[in-house]
Amino acid sequence: MEFAKRLEKIPPYLFAEIDRKRDELVSRGVDIINLGVGDPDKPTPSHIVEAMHKGIDDPSTHNYPPYQGTKEYRQAAASWMERRFGVKDLNPNTEVISSIGSKEAIHNTFLAFVESGDYTLISDPGYPVYRTSTIFAGGESYNMPLLAKNNFLPDLDSIPEEIARKAKLFWINYPNNPTGGLATLEDFEKMVAFCKKYDILLCHDHAYSEMAFDSYKPPSVLQVPGAKDIAIEFHSLSKSYNMTGWRIGFVAGNAKGIKGLGQVKTNLDSGVFKAIQRAAIAAFDTTEDELQKVMSVYQRRRDIIVAGLKSLGWPIEAPKATLYVWVPVPTGYTSTDFVTLLLEKCGIIVPPGNGYGAAGEGFFRIALTAPDERMEEAIKRMKEAGICYK
Ligand SMILES: *Cc1c(COP(=O)(O)O)cnc(C)c1O
């Protein structure tokens, strides 16, 4: 039995070696602090869970859902886009589609638009799916480095003309995982203009749209006038409402983008359980107070980590959004050296920056998904091990 060639092209799992070391330490009884995964550790807010209970008890949710999402769900998503971002003119029938979380929709967009010989423009470091889905679709990716000196934004002027001409998709994600980088509406305007010039579908992965602190509110790319001519935006309820296990999101924007994605999806999946769609409608109605309760948990952890790292000499600022802190490694270490040191000396698991792309070398990522005491314990262990930023 042979695997398909496409599987051989998928890069090896970069955390395999770390996982092996972790298992070895666990078997020796070491108390591991896992700051690796971006998976919220708190429960889904109760008004959402209650809507789900009601939905399950109603037998009319038990059959196949409409492929593109129920009318109510698409309408609720469009209304939420208007309330949250002032994006008014979304047609719920042609410009909104439900998704099984956003990972599925991200992948299927590659299948809808990329073929052999086509390029995708993806950020480096970035969410690994952009790279692997390019491979699955048979295309080539061009890495746009996200550098601290450019505020973790892609440098559009450095993209070679011949690559831009062959590109079908341009992927961005702000607030950004893993760098914590933010984009302003002006930054989005430049990207919209670039994609219009080269006729590239601009894909904005907005998984962290609500995960922001210090009263910062991330904008939508669809707020840029004319963005709908060229852009689609991927929304996910996973991170904002502690709903990673529920698998629901939506994509909104350019009708042709939505149509292509829908055509792939009608042939691959059969939509999202209607009870989950009802729960998601309840999530859209989450009050600002309720949302701030969820966010304050991460904000407190962020403050513990940032203050702790500063006390150990790290030159970092508190990120205004996402579940992560993107931290430079001390001089003389590679990302892999340093995360290995943290694991062996302190029992702390964090992914190395180069796991998200070559330009992530020199960084590691801390996920704010462990309780305050564990965050404090992590800093204490680093201090006791004599680890500091030099
Ligand atoms: C978590 C994450 C996603 C996917 O989340 P889903 O649970 O599939 O909605 C997409 N993009 C980024 C950048 C993420 O961090």
# chains A, B, ... in the order shown; residues from 1 in each chain; ligands from 1
>>> closest_atom_pairs(of="chain A", to="ligand 1", cutoff="6 Å", atoms="only C-alpha atoms and all ligand atoms", output="tab-separated table")
residue	atom	partner	partner_atom_place_in_ligand_line	distance
A:Gly101	CA	ligand 1	9 (O)	3.6
A:Ser102	CA	ligand 1	9 (O)	3.7
A:Lys103	CA	ligand 1	8 (O)	3.7
A:Tyr127	CA	ligand 1	13 (C)	5.1
A:Asn177	CA	ligand 1	13 (C)	5.0
A:Asp205	CA	ligand 1	11 (N)	5.8
A:Ala207	CA	ligand 1	11 (N)	5.2
A:Ser236	CA	ligand 1	9 (O)	4.4
A:Ser238	CA	ligand 1	7 (O)	4.7
A:Thr244	CA	ligand 1	7 (O)	4.9
>>> select_by_dssp(residues="region 49-122 of chain A", states="strand (DSSP E or B)", output="MDAnalysis selection string")
chainID A and resid 96:99 119:122
>>> select_by_dssp(residues="region 144-329 of chain A", states="alpha helix (DSSP H)", output="number ranges by chain")
A: 161-166, 185-198, 255-268, 274-284, 288-311
>>> closest_residue(among="A:Gly257, A:Gly139, A:Gly355, A:Pro125", to="Ile97 (chain A)", atoms="only C-alpha atoms")
A:Gly257
>>> closest_residue(among="A:Lys274, A:Gln223, A:Met81, A:Lys228", to="Ser60 (chain A)", atoms="only C-alpha atoms")
A:Lys274
>>> closest_atom_pairs(of="region 250-307 of chain A", to="region 193-204 of chain A", cutoff="10 Å", atoms="only C-alpha atoms", output="JSON lines")
{"residue": "A:Val251", "atom": "CA", "partner": "A:His204", "partner_atom": "CA", "distance": 9.6}
{"residue": "A:Ala252", "atom": "CA", "partner": "A:His204", "partner_atom": "CA", "distance": 9.9}
{"residue": "A:Gly253", "atom": "CA", "partner": "A:Cys203", "partner_atom": "CA", "distance": 9.5}
{"residue": "A:Asn254", "atom": "CA", "partner": "A:Leu201", "partner_atom": "CA", "distance": 8.7}
{"residue": "A:Lys256", "atom": "CA", "partner": "A:Leu201", "partner_atom": "CA", "distance": 9.5}
{"residue": "A:Gly257", "atom": "CA", "partner": "A:Leu201", "partner_atom": "CA", "distance": 7.3}
>>> residues_around(residues="Leu261 (chain A)", least_positions_apart="2", cutoff="7 Å", atoms="only C-alpha atoms", output="number ranges by chain")
A: 108-109, 112, 257-259, 263-265
>>> residues_around(residues="Ile56 (chain A)", least_positions_apart="2", cutoff="12 Å", atoms="only C-alpha atoms", output="ChimeraX atom specification")
/A:49-54,58-63,273-279
>>> atom_distance(atom1="CA of Ala280 (chain A)", atom2="CA of Ile48 (chain A)")
7.0 Å
>>> closest_residue(among="A:Thr331, A:Thr134, A:Ser209, A:Ser296", to="Ile10 (chain A)", atoms="only C-alpha atoms")
A:Thr134
>>> residues_around(residues="region 360-371 of chain A", least_positions_apart="3", cutoff="8 Å", atoms="only C-alpha atoms", output="ChimeraX atom specification")
/A:34-41,124-125,178,298,301-302,323-329,333-335,339,350-357,374-375
>>> residues_around(residues="Asp187 (chain A)", least_positions_apart="4", cutoff="12 Å", atoms="only C-alpha atoms", output="ChimeraX atom specification")
/A:150-156,172,174,181-183,191-194,219-221,223-224
>>> closest_residue(among="A:Ile135, A:Ile32, A:Met144, A:Ile387", to="Glu115 (chain A)", atoms="only C-alpha atoms")
A:Ile135
